[in-house]
Each structure stands twice: as C-alpha cells, then as structure tokens.
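The data block below is my_file-v6.pdb; it holds PDB, C-alpha atoms, pLDDT in the B column.
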```pdb
ATOM      1  CA  MET A   1      99.862  81.774  86.585  1.00 47.00           C
ATOM      2  CA  VAL A   2     101.017  84.173  83.938  1.00 46.00           C
ATOM      3  CA  PRO A   3      97.479  84.509  82.487  1.00 46.00           C
ATOM      4  CA  ASN A   4      96.170  85.251  85.986  1.00 46.00           C
ATOM      5  CA  SER A   5      98.796  87.908  86.606  1.00 42.00           C
ATOM      6  CA  THR A   6      98.009  89.571  83.273  1.00 42.00           C
ATOM      7  CA  SER A   7      94.287  89.377  83.974  1.00 39.00           C
ATOM      8  CA  LEU A   8      94.916  90.987  87.372  1.00 40.00           C
ATOM      9  CA  THR A   9      97.058  93.716  85.863  1.00 38.00           C
ATOM     10  CA  PRO A  10      94.097  95.751  84.552  1.00 41.00           C
ATOM     11  CA  SER A  11      92.409  95.772  87.993  1.00 39.00           C
ATOM     12  CA  PRO A  12      94.813  98.338  89.536  1.00 41.00           C
ATOM     13  CA  VAL A  13      93.989 100.749  86.711  1.00 40.00           C
ATOM     14  CA  PRO A  14      90.283 101.083  87.613  1.00 40.00           C
ATOM     15  CA  THR A  15      91.105 101.363  91.321  1.00 40.00           C
ATOM     16  CA  SER A  16      93.568 104.155  90.639  1.00 39.00           C
ATOM     17  CA  SER A  17      91.219 106.107  88.366  1.00 37.00           C
ATOM     18  CA  PRO A  18      88.467 106.711  90.980  1.00 39.00           C
ATOM     19  CA  THR A  19      91.002 108.019  93.504  1.00 37.00           C
ATOM     20  CA  PRO A  20      91.794 111.258  91.675  1.00 35.00           C
ATOM     21  CA  THR A  21      88.437 112.772  92.602  1.00 42.00           C
ATOM     22  CA  LEU A  22      90.185 116.106  92.781  1.00 44.00           C
ATOM     23  CA  SER A  23      90.372 116.226  88.995  1.00 40.00           C
ATOM     24  CA  PRO A  24      86.936 115.147  87.709  1.00 42.00           C
ATOM     25  CA  ALA A  25      86.841 117.301  84.575  1.00 40.00           C
ATOM     26  CA  PRO A  26      88.431 114.828  82.117  1.00 40.00           C
ATOM     27  CA  VAL A  27      86.239 111.971  83.345  1.00 43.00           C
ATOM     28  CA  ARG A  28      82.861 113.548  84.067  1.00 69.00           C
ATOM     29  CA  TYR A  29      82.408 116.338  81.546  1.00 77.00           C
ATOM     30  CA  HIS A  30      81.933 116.406  77.810  1.00 78.00           C
ATOM     31  CA  GLU A  31      84.438 118.336  75.773  1.00 81.00           C
ATOM     32  CA  PRO A  32      83.248 121.955  75.751  1.00 81.00           C
ATOM     33  CA  PRO A  33      82.889 123.679  72.391  1.00 82.00           C
ATOM     34  CA  ASP A  34      85.700 125.810  70.988  1.00 84.00           C
ATOM     35  CA  GLU A  35      83.106 128.492  70.324  1.00 86.00           C
ATOM     36  CA  PHE A  36      79.444 129.056  71.231  1.00 84.00           C
ATOM     37  CA  VAL A  37      76.798 131.778  71.141  1.00 87.00           C
ATOM     38  CA  GLN A  38      74.613 132.751  74.091  1.00 85.00           C
ATOM     39  CA  ASP A  39      72.254 135.746  74.088  1.00 86.00           C
ATOM     40  CA  ARG A  40      73.615 136.713  70.654  1.00 87.00           C
ATOM     41  CA  ILE A  41      77.173 137.059  71.985  1.00 88.00           C
ATOM     42  CA  THR A  42      79.954 134.791  70.737  1.00 89.00           C
ATOM     43  CA  TYR A  43      82.340 133.172  73.214  1.00 90.00           C
ATOM     44  CA  VAL A  44      85.617 131.524  72.160  1.00 89.00           C
ATOM     45  CA  LYS A  45      87.648 129.121  74.302  1.00 86.00           C
ATOM     46  CA  ARG A  46      90.765 130.955  75.456  1.00 84.00           C
ATOM     47  CA  ALA A  47      92.993 127.924  74.889  1.00 80.00           C
ATOM     48  CA  THR A  48      92.119 127.972  71.159  1.00 76.00           C
ATOM     49  CA  ILE A  49      93.110 131.633  70.733  1.00 78.00           C
ATOM     50  CA  THR A  50      96.255 131.675  72.864  1.00 74.00           C
ATOM     51  CA  LYS A  51      99.352 131.046  70.775  1.00 65.00           C
ATOM     52  CA  LYS A  52     101.978 130.449  73.456  1.00 63.00           C
ATOM     53  CA  GLY A  53     101.894 128.134  76.448  1.00 59.00           C
ATOM     54  CA  PHE A  54      98.646 128.824  78.255  1.00 60.00           C
ATOM     55  CA  ARG A  55      98.236 127.581  81.805  1.00 63.00           C
ATOM     56  CA  LEU A  56      95.256 127.898  84.138  1.00 68.00           C
ATOM     57  CA  GLY A  57      95.797 129.028  87.718  1.00 71.00           C
ATOM     58  CA  SER A  58      96.118 126.678  90.654  1.00 77.00           C
ATOM     59  CA  SER A  59      92.631 127.336  92.073  1.00 83.00           C
ATOM     60  CA  HIS A  60      90.190 124.438  92.251  1.00 82.00           C
ATOM     61  CA  ILE A  61      87.710 126.415  90.132  1.00 86.00           C
ATOM     62  CA  TRP A  62      89.582 125.264  87.019  1.00 84.00           C
ATOM     63  CA  LYS A  63      88.613 121.648  87.741  1.00 86.00           C
ATOM     64  CA  TYR A  64      85.013 122.703  87.180  1.00 86.00           C
ATOM     65  CA  GLY A  65      85.334 125.163  84.320  1.00 87.00           C
ATOM     66  CA  LEU A  66      87.319 126.944  81.627  1.00 87.00           C
ATOM     67  CA  GLN A  67      88.128 130.433  80.421  1.00 88.00           C
ATOM     68  CA  TYR A  68      86.347 131.816  77.383  1.00 90.00           C
ATOM     69  CA  ILE A  69      86.766 135.177  75.679  1.00 90.00           C
ATOM     70  CA  ARG A  70      83.565 137.185  75.226  1.00 92.00           C
ATOM     71  CA  GLY A  71      83.424 138.544  71.681  1.00 89.00           C
ATOM     72  CA  SER A  72      81.625 141.786  72.528  1.00 91.00           C
ATOM     73  CA  ASP A  73      84.287 143.226  74.851  1.00 93.00           C
ATOM     74  CA  LYS A  74      87.130 140.644  74.793  1.00 90.00           C
ATOM     75  CA  LYS A  75      86.815 139.996  78.538  1.00 90.00           C
ATOM     76  CA  GLU A  76      87.647 136.610  80.018  1.00 90.00           C
ATOM     77  CA  VAL A  77      84.641 134.767  81.441  1.00 91.00           C
ATOM     78  CA  TYR A  78      84.197 131.529  83.391  1.00 89.00           C
ATOM     79  CA  TYR A  79      82.451 128.608  81.649  1.00 89.00           C
ATOM     80  CA  CYS A  80      81.078 126.164  84.252  1.00 88.00           C
ATOM     81  CA  HIS A  81      81.187 122.429  83.435  1.00 86.00           C
ATOM     82  CA  GLU A  82      78.660 121.715  86.206  1.00 85.00           C
ATOM     83  CA  CYS A  83      76.112 124.100  84.657  1.00 84.00           C
ATOM     84  CA  THR A  84      76.497 122.334  81.318  1.00 81.00           C
ATOM     85  CA  ALA A  85      76.216 118.882  82.907  1.00 81.00           C
ATOM     86  CA  GLY A  86      73.058 119.989  84.714  1.00 79.00           C
ATOM     87  CA  LYS A  87      71.703 121.583  81.527  1.00 79.00           C
ATOM     88  CA  ASN A  88      71.638 125.035  83.164  1.00 80.00           C
ATOM     89  CA  LYS A  89      72.289 128.274  81.325  1.00 83.00           C
ATOM     90  CA  GLN A  90      75.880 129.453  81.654  1.00 86.00           C
ATOM     91  CA  GLU A  91      76.236 132.474  83.954  1.00 86.00           C
ATOM     92  CA  LEU A  92      79.588 133.394  82.348  1.00 88.00           C
ATOM     93  CA  PHE A  93      81.176 135.465  85.135  1.00 84.00           C
ATOM     94  CA  VAL A  94      83.838 137.969  84.152  1.00 88.00           C
ATOM     95  CA  ILE A  95      87.017 136.580  85.679  1.00 86.00           C
ATOM     96  CA  ASN A  96      88.281 139.107  88.193  1.00 84.00           C
ATOM     97  CA  GLY A  97      89.554 136.878  90.966  1.00 82.00           C
ATOM     98  CA  THR A  98      87.909 133.635  92.028  1.00 83.00           C
ATOM     99  CA  SER A  99      85.392 134.660  94.711  1.00 85.00           C
ATOM    100  CA  LYS A 100      82.355 134.984  92.394  1.00 88.00           C
ATOM    101  CA  VAL A 101      83.099 131.629  90.804  1.00 88.00           C
ATOM    102  CA  ARG A 102      83.697 129.970  94.199  1.00 88.00           C
ATOM    103  CA  ASN A 103      80.357 131.317  95.451  1.00 87.00           C
ATOM    104  CA  HIS A 104      78.621 130.084  92.292  1.00 89.00           C
ATOM    105  CA  LEU A 105      80.137 126.615  92.659  1.00 87.00           C
ATOM    106  CA  GLU A 106      79.128 126.454  96.325  1.00 86.00           C
ATOM    107  CA  GLN A 107      75.568 127.765  95.936  1.00 86.00           C
ATOM    108  CA  LYS A 108      74.590 126.119  92.657  1.00 86.00           C
ATOM    109  CA  HIS A 109      76.621 122.909  92.719  1.00 86.00           C
ATOM    110  CA  GLN A 110      77.485 122.247  96.410  1.00 85.00           C
ATOM    111  CA  ILE A 111      81.238 122.441  95.841  1.00 85.00           C
ATOM    112  CA  ASP A 112      83.183 123.434  98.951  1.00 84.00           C
ATOM    113  CA  PRO A 113      84.824 126.842  98.336  1.00 81.00           C
ATOM    114  CA  GLN A 114      87.937 125.938 100.343  1.00 81.00           C
ATOM    115  CA  SER A 115      88.687 122.365  99.311  1.00 81.00           C
ATOM    116  CA  GLY A 116      87.017 122.310  95.893  1.00 80.00           C
ATOM    117  CA  ILE A 117      85.413 118.948  96.671  1.00 83.00           C
ATOM    118  CA  LYS A 118      81.793 118.354  95.773  1.00 81.00           C
ATOM    119  CA  LYS A 119      79.670 117.778  98.850  1.00 77.00           C
ATOM    120  CA  HIS A 120      77.864 114.464  98.651  1.00 68.00           C
ATOM    121  CA  SER A 121      74.832 114.962 100.842  1.00 56.00           C
ATOM    122  CA  SER A 122      72.370 112.154 101.295  1.00 47.00           C
ATOM    123  CA  THR A 123      70.141 111.439  98.319  1.00 46.00           C
ATOM    124  CA  ARG A 124      66.992 111.894 100.383  1.00 47.00           C
ATOM    125  CA  LYS A 125      68.012 115.366 101.469  1.00 52.00           C
ATOM    126  CA  SER A 126      68.940 116.270  97.936  1.00 58.00           C
ATOM    127  CA  VAL A 127      65.606 115.040  96.583  1.00 63.00           C
ATOM    128  CA  LEU A 128      63.766 116.869  99.362  1.00 64.00           C
ATOM    129  CA  ASP A 129      65.627 120.076  98.564  1.00 64.00           C
ATOM    130  CA  GLN A 130      64.791 119.619  94.898  1.00 64.00           C
ATOM    131  CA  GLN A 131      61.120 119.136  95.720  1.00 63.00           C
ATOM    132  CA  LYS A 132      61.077 122.237  97.943  1.00 61.00           C
ATOM    133  CA  SER A 133      62.726 124.240  95.205  1.00 60.00           C
ATOM    134  CA  ALA A 134      60.292 122.912  92.605  1.00 62.00           C
ATOM    135  CA  ALA A 135      57.338 123.733  94.864  1.00 61.00           C
ATOM    136  CA  ALA A 136      58.572 127.292  95.327  1.00 57.00           C
ATOM    137  CA  THR A 137      59.068 127.664  91.590  1.00 55.00           C
ATOM    138  CA  ASN A 138      55.657 126.133  90.932  1.00 56.00           C
ATOM    139  CA  THR A 139      53.952 128.561  93.323  1.00 55.00           C
ATOM    140  CA  PHE A 140      55.682 131.500  91.695  1.00 51.00           C
ATOM    141  CA  PHE A 141      54.875 130.210  88.217  1.00 53.00           C
ATOM    142  CA  TRP A 142      51.176 129.666  88.934  1.00 51.00           C
ATOM    143  CA  LYS A 143      50.717 133.013  90.659  1.00 56.00           C
ATOM    144  CA  ASP A 144      52.191 134.830  87.681  1.00 56.00           C
ATOM    145  CA  SER A 145      50.600 132.881  84.884  1.00 69.00           C
ATOM    146  CA  MET A 146      47.148 131.749  85.993  1.00 73.00           C
ATOM    147  CA  GLU A 147      45.379 134.378  83.894  1.00 75.00           C
ATOM    148  CA  LYS A 148      47.432 133.294  80.885  1.00 79.00           C
ATOM    149  CA  PHE A 149      46.475 129.657  81.560  1.00 79.00           C
ATOM    150  CA  LYS A 150      42.775 130.575  81.609  1.00 80.00           C
ATOM    151  CA  GLU A 151      43.133 132.628  78.431  1.00 83.00           C
ATOM    152  CA  LEU A 152      44.884 129.787  76.572  1.00 85.00           C
ATOM    153  CA  LEU A 153      42.378 127.235  77.839  1.00 85.00           C
ATOM    154  CA  ILE A 154      39.370 129.251  76.676  1.00 84.00           C
ATOM    155  CA  ARG A 155      41.005 129.997  73.320  1.00 90.00           C
ATOM    156  CA  TRP A 156      41.627 126.257  72.840  1.00 89.00           C
ATOM    157  CA  ILE A 157      37.993 125.474  73.732  1.00 88.00           C
ATOM    158  CA  VAL A 158      36.624 128.108  71.337  1.00 90.00           C
ATOM    159  CA  TYR A 159      38.890 127.393  68.362  1.00 92.00           C
ATOM    160  CA  CYS A 160      38.593 123.616  68.703  1.00 93.00           C
ATOM    161  CA  HIS A 161      34.812 123.774  69.116  1.00 92.00           C
ATOM    162  CA  ILE A 162      34.829 122.032  72.477  1.00 90.00           C
ATOM    163  CA  ALA A 163      31.753 122.449  74.656  1.00 87.00           C
ATOM    164  CA  PHE A 164      32.394 124.457  77.824  1.00 81.00           C
ATOM    165  CA  PHE A 165      30.833 121.744  79.963  1.00 82.00           C
ATOM    166  CA  GLN A 166      33.769 119.508  78.975  1.00 85.00           C
ATOM    167  CA  LEU A 167      35.803 121.434  81.559  1.00 83.00           C
ATOM    168  CA  GLU A 168      33.989 119.304  84.101  1.00 84.00           C
ATOM    169  CA  ASN A 169      34.745 116.059  82.262  1.00 87.00           C
ATOM    170  CA  ARG A 170      36.259 113.566  84.677  1.00 88.00           C
ATOM    171  CA  TYR A 171      39.065 112.512  82.305  1.00 89.00           C
ATOM    172  CA  PHE A 172      40.025 116.086  81.450  1.00 87.00           C
ATOM    173  CA  ARG A 173      40.229 116.851  85.183  1.00 86.00           C
ATOM    174  CA  GLU A 174      42.343 113.728  85.771  1.00 87.00           C
ATOM    175  CA  LEU A 175      44.744 114.931  83.096  1.00 86.00           C
ATOM    176  CA  LEU A 176      45.050 118.366  84.687  1.00 82.00           C
ATOM    177  CA  PHE A 177      45.379 116.854  88.148  1.00 80.00           C
ATOM    178  CA  PHE A 178      48.221 114.693  86.830  1.00 81.00           C
ATOM    179  CA  LEU A 179      49.993 117.769  85.442  1.00 78.00           C
ATOM    180  CA  ASN A 180      49.441 119.889  88.538  1.00 74.00           C
ATOM    181  CA  PRO A 181      46.723 119.456  91.170  1.00 74.00           C
ATOM    182  CA  ALA A 182      46.547 123.235  91.676  1.00 72.00           C
ATOM    183  CA  LEU A 183      45.129 123.640  88.164  1.00 74.00           C
ATOM    184  CA  LEU A 184      41.776 122.218  89.232  1.00 74.00           C
ATOM    185  CA  ASN A 185      41.245 125.181  91.554  1.00 74.00           C
ATOM    186  CA  HIS A 186      41.742 127.613  88.687  1.00 72.00           C
ATOM    187  CA  LEU A 187      39.473 126.134  86.039  1.00 74.00           C
ATOM    188  CA  PRO A 188      36.600 128.404  85.049  1.00 69.00           C
ATOM    189  CA  LYS A 189      33.255 126.939  86.035  1.00 67.00           C
ATOM    190  CA  ALA A 190      31.315 125.855  82.933  1.00 58.00           C
ATOM    191  CA  ALA A 191      28.017 127.407  84.004  1.00 54.00           C
ATOM    192  CA  LYS A 192      29.705 130.657  85.037  1.00 56.00           C
ATOM    193  CA  THR A 193      31.608 130.838  81.736  1.00 53.00           C
ATOM    194  CA  ILE A 194      28.436 130.314  79.678  1.00 50.00           C
ATOM    195  CA  ARG A 195      26.580 133.055  81.572  1.00 51.00           C
ATOM    196  CA  SER A 196      29.393 135.581  81.139  1.00 53.00           C
TER
END
```

Let me see whether you can do it: turn the structure in this file into structure tokens.
Amino acid sequence: MVPNSTSLTPSPVPTSSPTPTLSPAPVRYHEPPDEFVQDRITYVKRATITKKGFRLGSSHIWKYGLQYIRGSDKKEVYYCHECTAGKNKQELFVINGTSKVRNHLEQKHQIDPQSGIKKHSSTRKSVLDQQKSAAATNTFFWKDSMEKFKELLIRWIVYCHIAFFQLENRYFRELLFFLNPALLNHLPKAAKTIRS
C-alpha cells in the first residue's frame, strides 16, 4: 500500500496546477528577453534595471505582460506575452494607467477587461472569425498589389525566357489557384500580352 500511496501522491500536483488559471504567465509563456530591439529602438526589461524591490501592480494586465523601459525616452512600456505567443509585433504601449492595455488585451486576445480571464469561445467560431479576417486582409492585399503581381510575373517570364502562352498552362494555373483562386482572374491573357 505504501507504493500505491506514493504513486498517488504526484496526482494532486497536476490537478492543482491547472486550477490557477488566473496566473498563466509562468506556465504558458517563454521567458521574455532582458533586452530587445524593435524599429531600431532598444527596450530593456524594467526588472533588470531596478535595483531595489520592484513589484508590479495588482491589475490582471501583469499576468499577460511586463514593463520595459524604452531607450529613446526612458518611458515605461507594456510588453504583451500574448502578442509574442501569437508571433505578433509588440505594440509597446506607454504605461499611463491600464485602460489602453486592457483594451488591447480584449480586442486582440479576447481577455475580459474586468476579470482578466481569457474568453474561450468555441473553436468553430474562432476559426470562422479567423477566416473572415483573412478574407478581408486578402481582399485588401489583392486590391493594393495586383499591379505589382502582374509586373513581377511578367518580369519573371521575360528574364527566365518563359513563353507567354505558358500563362495558360493547366499546371501553372492549378498552382496559382492553389495559392489564391482570385489570381486566375488577374493573369494577363497570353494573346493580349503578345499583341501589346
């Protein structure tokens, strides 16, 4: 019975670790750097510069981020763990209260501004929202860059000595369709290109 009781002893540890969902930072996030550069400005973690006892406030925003000092003007900015985990660029808000950070956490990461708890919406809804967002981005991207796409395509054809009629090649079109079906509508017509 003693081996069973010792083998059961570790089981309470895992059950107690998921319960503190209010403090996910030590479990879910990688250790942030002591110093980093973004847009040619150096940021240093405040905890590494502060000599005496440094303590973050009681707001839930500190579960999802840290204070850094911006090298250019020595202002304190907010470093978001969620942005790093999602591989998004840091917005680095100047810390002047918590409302900007709370809004950021709510809008970008679905973290309730009052409770500080991440909203777990259904996966289907989340995927649907992601697809809608991607479609909107795609539309914007293609509207703004279609001329550039055509220019790069024609340059590739000319410099690689590819015949213009290859634009109508079934396999080339399948490749473009795989990348983005909208591309097929924007390909120059081979006959039209040759005449021009």

For the structure shown, which residues end up in the PyMOL selection byres ((chain A and resi 44) around 9)? Put them as a ChimeraX atom specification, please? /A:33-37,42-43,45-49,67-71

Chain and number of each residue from the PyMOL selection byres ((chain A and resi 89) around 12), as number ranges by chain: A: 37-39, 79-88, 90-92, 108

Store the residues of this selection in a file with C-alpha atoms, as a PDB file, in the frame of the given file.
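The resulting file, selection13.pdb, is shown below:
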```pdb
ATOM      1  CA  VAL A  37      76.798 131.778  71.141  1.00 87.00           C
ATOM      2  CA  GLN A  38      74.613 132.751  74.091  1.00 85.00           C
ATOM      3  CA  ASP A  39      72.254 135.746  74.088  1.00 86.00           C
ATOM      4  CA  TYR A  79      82.451 128.608  81.649  1.00 89.00           C
ATOM      5  CA  CYS A  80      81.078 126.164  84.252  1.00 88.00           C
ATOM      6  CA  HIS A  81      81.187 122.429  83.435  1.00 86.00           C
ATOM      7  CA  GLU A  82      78.660 121.715  86.206  1.00 85.00           C
ATOM      8  CA  CYS A  83      76.112 124.100  84.657  1.00 84.00           C
ATOM      9  CA  THR A  84      76.497 122.334  81.318  1.00 81.00           C
ATOM     10  CA  ALA A  85      76.216 118.882  82.907  1.00 81.00           C
ATOM     11  CA  GLY A  86      73.058 119.989  84.714  1.00 79.00           C
ATOM     12  CA  LYS A  87      71.703 121.583  81.527  1.00 79.00           C
ATOM     13  CA  ASN A  88      71.638 125.035  83.164  1.00 80.00           C
ATOM     14  CA  GLN A  90      75.880 129.453  81.654  1.00 86.00           C
ATOM     15  CA  GLU A  91      76.236 132.474  83.954  1.00 86.00           C
ATOM     16  CA  LEU A  92      79.588 133.394  82.348  1.00 88.00           C
ATOM     17  CA  LYS A 108      74.590 126.119  92.657  1.00 86.00           C
TER      18      LYS A 108
END
```

Can you work out the spacing between atom CA of Cys160 of chain A and atom CA of Asn185 of chain A in Å, to one decimal? 23.1 Å

Determine, counting all atoms listed in the file, which protein, DNA and RNA residues have an atom within 9 Å of an atom of segment 93-102 of chain A; residues of the same chain fewer than 6 positions away are not included. Present the result as a VMD selection string. chain A and resid 59 to 61 67 70 75 to 80 111 to 114 116

Work out how far apart atom CA of Ile41 of chain A and atom CA of Lys63 of chain A are and give it in Å to one decimal.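 Going from atom CA of Ile41 of chain A over to atom CA of Lys63 of chain A covers 24.8 Å.
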
Could you give me, as a ChimeraX atom specification, the residues within 10 Å of Met146 of chain A, counting all atoms listed in the file and dropping anything in the same chain fewer than 6 positions from it? /A:152,183,186-187

Would you save the residues from that selection as a PDB file, keeping the file's coordinate frame, using C-alpha atoms?
```pdb
ATOM      1  CA  LEU A 152      44.884 129.787  76.572  1.00 85.00           C
ATOM      2  CA  LEU A 183      45.129 123.640  88.164  1.00 74.00           C
ATOM      3  CA  HIS A 186      41.742 127.613  88.687  1.00 72.00           C
ATOM      4  CA  LEU A 187      39.473 126.134  86.039  1.00 74.00           C
TER       5      LEU A 187
END
```

Have a look at atom CA of Gln107 of chain A and atom CA of Ser58 of chain A and let me know their distance in Å, one decimal.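 Computed distance, atom CA of Gln107 of chain A to atom CA of Ser58 of chain A, equals 21.2 Å.
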
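For the point (40.9, 122.8, 90.9), the residues with at least one atom inside 12 Å, counting all atoms listed in the file, are Met146, Leu167, Glu168, Phe172, Arg173, Glu174, Leu175, Leu176, Phe177, Phe178, Leu179, Asn180, Pro181, Ala182, Leu183, Leu184, Asn185, His186, Leu187, Pro188 and Lys189 of chain A.
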
Hey, which of A:Asp73, A:Gln166, A:Lys119, A:Tyr64 ends up closest to Pro32 of chain A? Count all atoms listed in the file.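 That would be A:Tyr64, the residue with the smallest distance to Pro32 of chain A.
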